[in-house]
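Novice: Please see the structure below; I have some questions.
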Amino acid sequence: MRRASVSRKTKETQIEAEIELDGQGRSDISTGIGFLDHMLDQLARHSLMDITLKAKGDLHIDFHHTTEDSGIVLGEAVAKALGERRGITRWGEATVPMDETLTRVALDASNRPYLIWKVAFSKPKLGEMDTELFKEWFQAFAQNAGLTLHIENLYGENNHHIVESCFKGLARALRAAIAIDPRKAGEVPSTKGVLGGSLT
């Protein structure tokens, strides 16, 4: 089974995560940030990864460190569980509608992290969470999971719908990319025989 656990402790946060890539979409999430918990639950549910994540952070200051560090730890867990990435499909994409909103997500599990973020919000906050922090989470996750990740909100009005469609799109694209290709189950999906570094 492709599973991993990661822990990270700094002066700002203490986070522990466990992930099983070939799960059933179960989640046990507690970050102290209600909206982030809701989004990570959506990530687990629609990717079919089982995710446990417990975070304690300096929320009395703001939500930045806990949000970013949860992306770091969860990304590290995905990368660790993928190992050499043998047999994976590698690419995935999803276009997700949510009422008036449409968002497109495409990714390459290339082990060459990069984020393209074409998402704008009309309000600075969703509940108590700063909307600018969502980019920070996706950047941290992509960097540490080793994903080339493109997220584009094509249109939308409701900020909740916009960000939730980003997480659901990531979930569906990641689900496709990390799936095992039965015709190439033992091979690294690259002409170089390894993923990472220069273009492969």
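Going by the structure tokens order, chains are called A, B, ..., each with residues numbered from 1, while ligands are numbered from 1 in the order shown.
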Determine which residues of chain A receive a DSSP assignment of helix (DSSP H, G or I), computed from the backbone, and state them as a count of residues only.

Specialist: 68

Novice: Skip Ser47 of chain A itself and residues of its chain fewer than 6 positions away, then list as a PyMOL selection string all residues within 9 Å of it, counting only C-alpha atoms.

Specialist: chain A and resi 21+23-25+168+170-176

Novice: Filtering to all heavy atoms, could you give me those residues as a compact mmCIF listing (two decimals), in the first residue's frame?

Specialist:
# COMPACT_ATOMS: atom_id res chain seq x y z
N LEU A 21 -2.61 6.72 -0.34
CA LEU A 21 -3.00 7.14 -1.67
C LEU A 21 -4.13 6.29 -2.23
O LEU A 21 -5.02 6.80 -2.93
CB LEU A 21 -1.80 7.07 -2.63
CG LEU A 21 -0.58 7.92 -2.26
CD1 LEU A 21 0.48 7.80 -3.35
CD2 LEU A 21 -0.95 9.38 -2.03
N GLY A 23 -6.82 4.91 -0.94
CA GLY A 23 -7.80 4.82 0.13
C GLY A 23 -9.22 4.85 -0.37
O GLY A 23 -9.53 4.51 -1.52
N GLN A 24 -10.11 5.34 0.49
CA GLN A 24 -11.53 5.43 0.17
C GLN A 24 -12.08 6.83 0.35
O GLN A 24 -13.29 7.04 0.35
CB GLN A 24 -12.31 4.43 1.03
CG GLN A 24 -11.91 2.99 0.79
CD GLN A 24 -12.73 2.02 1.62
OE1 GLN A 24 -13.84 2.32 2.06
NE2 GLN A 24 -12.20 0.83 1.83
N GLY A 25 -11.19 7.80 0.54
CA GLY A 25 -11.64 9.18 0.70
C GLY A 25 -12.00 9.55 2.12
O GLY A 25 -12.72 10.51 2.36
N LYS A 168 -11.53 20.79 -5.19
CA LYS A 168 -12.14 19.61 -5.82
C LYS A 168 -11.45 19.29 -7.14
O LYS A 168 -11.25 18.12 -7.49
CB LYS A 168 -13.64 19.84 -6.03
CG LYS A 168 -14.44 19.79 -4.74
CD LYS A 168 -15.92 20.02 -4.99
CE LYS A 168 -16.73 19.82 -3.71
NZ LYS A 168 -18.17 20.13 -3.90
N LEU A 170 -8.28 19.95 -7.83
CA LEU A 170 -7.01 19.33 -7.46
C LEU A 170 -7.23 17.86 -7.10
O LEU A 170 -6.46 16.99 -7.52
CB LEU A 170 -6.40 20.07 -6.26
CG LEU A 170 -5.18 19.38 -5.62
CD1 LEU A 170 -4.03 19.29 -6.60
CD2 LEU A 170 -4.76 20.12 -4.35
N ALA A 171 -8.27 17.58 -6.35
CA ALA A 171 -8.55 16.21 -5.92
C ALA A 171 -8.74 15.29 -7.11
O ALA A 171 -8.15 14.21 -7.19
CB ALA A 171 -9.78 16.18 -5.01
N ARG A 172 -9.57 15.71 -8.05
CA ARG A 172 -9.86 14.85 -9.20
C ARG A 172 -8.65 14.70 -10.13
O ARG A 172 -8.39 13.62 -10.65
CB ARG A 172 -11.05 15.41 -9.98
CG ARG A 172 -12.35 15.41 -9.21
CD ARG A 172 -12.85 14.02 -8.86
NE ARG A 172 -13.13 13.24 -10.04
CZ ARG A 172 -13.85 12.11 -10.02
NH1 ARG A 172 -14.35 11.64 -8.88
NH2 ARG A 172 -14.07 11.43 -11.13
N ALA A 173 -7.91 15.79 -10.32
CA ALA A 173 -6.72 15.70 -11.17
C ALA A 173 -5.64 14.84 -10.52
O ALA A 173 -4.98 14.04 -11.19
CB ALA A 173 -6.17 17.10 -11.45
N LEU A 174 -5.47 14.98 -9.22
CA LEU A 174 -4.48 14.18 -8.50
C LEU A 174 -4.87 12.71 -8.50
O LEU A 174 -4.01 11.83 -8.66
CB LEU A 174 -4.34 14.71 -7.08
CG LEU A 174 -3.17 14.17 -6.25
CD1 LEU A 174 -1.84 14.45 -6.93
CD2 LEU A 174 -3.21 14.78 -4.85
N ARG A 175 -6.14 12.46 -8.33
CA ARG A 175 -6.63 11.07 -8.37
C ARG A 175 -6.26 10.40 -9.69
O ARG A 175 -5.82 9.24 -9.71
CB ARG A 175 -8.14 11.07 -8.18
CG ARG A 175 -8.82 9.73 -8.27
CD ARG A 175 -10.30 9.90 -7.95
NE ARG A 175 -11.09 8.74 -8.31
CZ ARG A 175 -12.41 8.66 -8.14
NH1 ARG A 175 -13.07 9.67 -7.61
NH2 ARG A 175 -13.06 7.57 -8.50
N ALA A 176 -6.41 11.12 -10.79
CA ALA A 176 -6.05 10.56 -12.10
C ALA A 176 -4.54 10.40 -12.25
O ALA A 176 -4.06 9.39 -12.76
CB ALA A 176 -6.60 11.45 -13.21

Novice: Apply DSSP to the structure's backbone, then extract all residues of segment 41-103 of chain A labelled strand (DSSP E) and return them as a ChimeraX atom specification.

Specialist: /A:50-57,91-98,101-103

Novice: So, with only C-alpha atoms as the atoms that count, which of A:Arg86, A:Met49, A:Ala79, A:Val6 lies closest to Ala185 of chain A?

Specialist: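 Counting only C-alpha atoms, the residue closest to Ala185 of chain A is A:Arg86.
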
Novice: Using only C-alpha atoms, which of A:His65, A:Arg112, A:Arg2, A:His46 sits nearest Gly196 of chain A?

Specialist: A:Arg112

Novice: Excluding Lys11 of chain A and its own-chain neighbours fewer than 3 positions away, which residues fall within 12 Å of it when counting only C-alpha atoms? Please give them as a VMD selection string.

Specialist: chain A and resid 8 14 to 15 56 to 58 65 to 66 69

Novice: Can I get the selected residues back with all heavy atoms, as a PDB file, in the first residue's frame?

Specialist:
ATOM      1  N   ARG A   8       6.049  17.561  11.484  1.00  0.00           N
ATOM      2  CA  ARG A   8       6.847  18.794  11.359  1.00  0.00           C
ATOM      3  C   ARG A   8       6.588  19.654  12.595  1.00  0.00           C
ATOM      4  O   ARG A   8       5.424  19.922  12.933  1.00  0.00           O
ATOM      5  CB  ARG A   8       6.448  19.546  10.081  1.00  0.00           C
ATOM      6  CG  ARG A   8       7.072  20.938   9.913  1.00  0.00           C
ATOM      7  CD  ARG A   8       6.516  21.604   8.664  1.00  0.00           C
ATOM      8  NE  ARG A   8       6.865  23.013   8.563  1.00  0.00           N
ATOM      9  CZ  ARG A   8       7.944  23.479   7.947  1.00  0.00           C
ATOM     10  NH1 ARG A   8       8.773  22.642   7.372  1.00  0.00           N
ATOM     11  NH2 ARG A   8       8.184  24.780   7.894  1.00  0.00           N
ATOM     12  N   GLN A  14       2.938  22.824  14.906  1.00  0.00           N
ATOM     13  CA  GLN A  14       3.241  21.413  15.134  1.00  0.00           C
ATOM     14  C   GLN A  14       2.190  20.611  14.369  1.00  0.00           C
ATOM     15  O   GLN A  14       1.002  20.700  14.677  1.00  0.00           O
ATOM     16  CB  GLN A  14       3.196  21.090  16.626  1.00  0.00           C
ATOM     17  CG  GLN A  14       3.542  19.648  16.945  1.00  0.00           C
ATOM     18  CD  GLN A  14       3.613  19.387  18.433  1.00  0.00           C
ATOM     19  OE1 GLN A  14       3.703  20.309  19.240  1.00  0.00           O
ATOM     20  NE2 GLN A  14       3.554  18.118  18.807  1.00  0.00           N
ATOM     21  N   ILE A  15       2.641  19.835  13.376  1.00  0.00           N
ATOM     22  CA  ILE A  15       1.710  19.175  12.468  1.00  0.00           C
ATOM     23  C   ILE A  15       2.122  17.727  12.266  1.00  0.00           C
ATOM     24  O   ILE A  15       3.303  17.425  12.072  1.00  0.00           O
ATOM     25  CB  ILE A  15       1.642  19.898  11.103  1.00  0.00           C
ATOM     26  CG1 ILE A  15       1.259  21.368  11.293  1.00  0.00           C
ATOM     27  CG2 ILE A  15       0.658  19.207  10.164  1.00  0.00           C
ATOM     28  CD1 ILE A  15       1.252  22.187  10.036  1.00  0.00           C
ATOM     29  N   LYS A  56      -1.446  22.146  15.206  1.00  0.00           N
ATOM     30  CA  LYS A  56      -1.553  23.172  16.238  1.00  0.00           C
ATOM     31  C   LYS A  56      -0.625  24.290  15.823  1.00  0.00           C
ATOM     32  O   LYS A  56       0.562  24.060  15.559  1.00  0.00           O
ATOM     33  CB  LYS A  56      -1.153  22.618  17.604  1.00  0.00           C
ATOM     34  CG  LYS A  56      -2.097  21.548  18.143  1.00  0.00           C
ATOM     35  CD  LYS A  56      -1.649  21.060  19.514  1.00  0.00           C
ATOM     36  CE  LYS A  56      -2.600  19.999  20.050  1.00  0.00           C
ATOM     37  NZ  LYS A  56      -2.161  19.494  21.383  1.00  0.00           N
ATOM     38  N   GLY A  57      -1.164  25.501  15.739  1.00  0.00           N
ATOM     39  CA  GLY A  57      -0.351  26.606  15.271  1.00  0.00           C
ATOM     40  C   GLY A  57      -0.648  27.895  16.009  1.00  0.00           C
ATOM     41  O   GLY A  57      -1.533  27.956  16.876  1.00  0.00           O
ATOM     42  N   ASP A  58       0.091  28.940  15.644  1.00  0.00           N
ATOM     43  CA  ASP A  58      -0.029  30.240  16.307  1.00  0.00           C
ATOM     44  C   ASP A  58      -1.211  31.038  15.738  1.00  0.00           C
ATOM     45  O   ASP A  58      -1.037  32.133  15.183  1.00  0.00           O
ATOM     46  CB  ASP A  58       1.279  31.014  16.186  1.00  0.00           C
ATOM     47  CG  ASP A  58       1.781  31.141  14.753  1.00  0.00           C
ATOM     48  OD1 ASP A  58       1.089  30.655  13.828  1.00  0.00           O
ATOM     49  OD2 ASP A  58       2.859  31.741  14.563  1.00  0.00           O
ATOM     50  N   HIS A  65       0.767  30.754   9.067  1.00  0.00           N
ATOM     51  CA  HIS A  65       1.720  29.678   9.305  1.00  0.00           C
ATOM     52  C   HIS A  65       1.043  28.309   9.288  1.00  0.00           C
ATOM     53  O   HIS A  65       1.569  27.354   8.705  1.00  0.00           O
ATOM     54  CB  HIS A  65       2.432  29.888  10.642  1.00  0.00           C
ATOM     55  CG  HIS A  65       3.235  31.139  10.703  1.00  0.00           C
ATOM     56  ND1 HIS A  65       3.286  31.949  11.816  1.00  0.00           N
ATOM     57  CD2 HIS A  65       4.023  31.752   9.766  1.00  0.00           C
ATOM     58  CE1 HIS A  65       4.066  32.992  11.582  1.00  0.00           C
ATOM     59  NE2 HIS A  65       4.520  32.897  10.338  1.00  0.00           N
ATOM     60  N   THR A  66      -0.124  28.207   9.906  1.00  0.00           N
ATOM     61  CA  THR A  66      -0.823  26.922   9.952  1.00  0.00           C
ATOM     62  C   THR A  66      -1.278  26.505   8.564  1.00  0.00           C
ATOM     63  O   THR A  66      -1.185  25.324   8.193  1.00  0.00           O
ATOM     64  CB  THR A  66      -2.020  27.004  10.909  1.00  0.00           C
ATOM     65  OG1 THR A  66      -1.545  27.359  12.226  1.00  0.00           O
ATOM     66  CG2 THR A  66      -2.761  25.680  10.991  1.00  0.00           C
ATOM     67  N   ASP A  69       2.008  25.635   6.439  1.00  0.00           N
ATOM     68  CA  ASP A  69       2.697  24.447   6.933  1.00  0.00           C
ATOM     69  C   ASP A  69       1.865  23.181   6.746  1.00  0.00           C
ATOM     70  O   ASP A  69       2.424  22.095   6.550  1.00  0.00           O
ATOM     71  CB  ASP A  69       3.078  24.629   8.399  1.00  0.00           C
ATOM     72  CG  ASP A  69       4.231  25.609   8.586  1.00  0.00           C
ATOM     73  OD1 ASP A  69       4.659  26.214   7.583  1.00  0.00           O
ATOM     74  OD2 ASP A  69       4.691  25.788   9.732  1.00  0.00           O
TER      75      ASP A  69
END

Novice: For Lys80 of chain A, which of A:Gly127, A:Asn111, A:Leu48, A:Asn153 is the closest residue, counting only C-alpha atoms?

Specialist: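 Using only C-alpha atoms, Lys80 of chain A sits closest to A:Asn111.
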
Novice: Of the residues A:Ala179, A:Leu59, A:Leu74, A:Ala140, which is the one nearest to Ala44 of chain A, using only C-alpha atoms?

Specialist: A:Leu74

Novice: Please list as a list in words every residue within 7 Å of Ile116 of chain A, counting only C-alpha atoms and excluding residues in the same chain fewer than 4 positions away.

Specialist: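 So, after excluding close chain neighbours, the residues are Leu149, His150 and Ile151 of chain A.
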
Novice: Under the rule that only C-alpha atoms are counted, which of A:Lys123, A:Leu82, A:Ile162, A:Lys184 is the nearest residue to Ser110 of chain A?

Specialist: A:Leu82
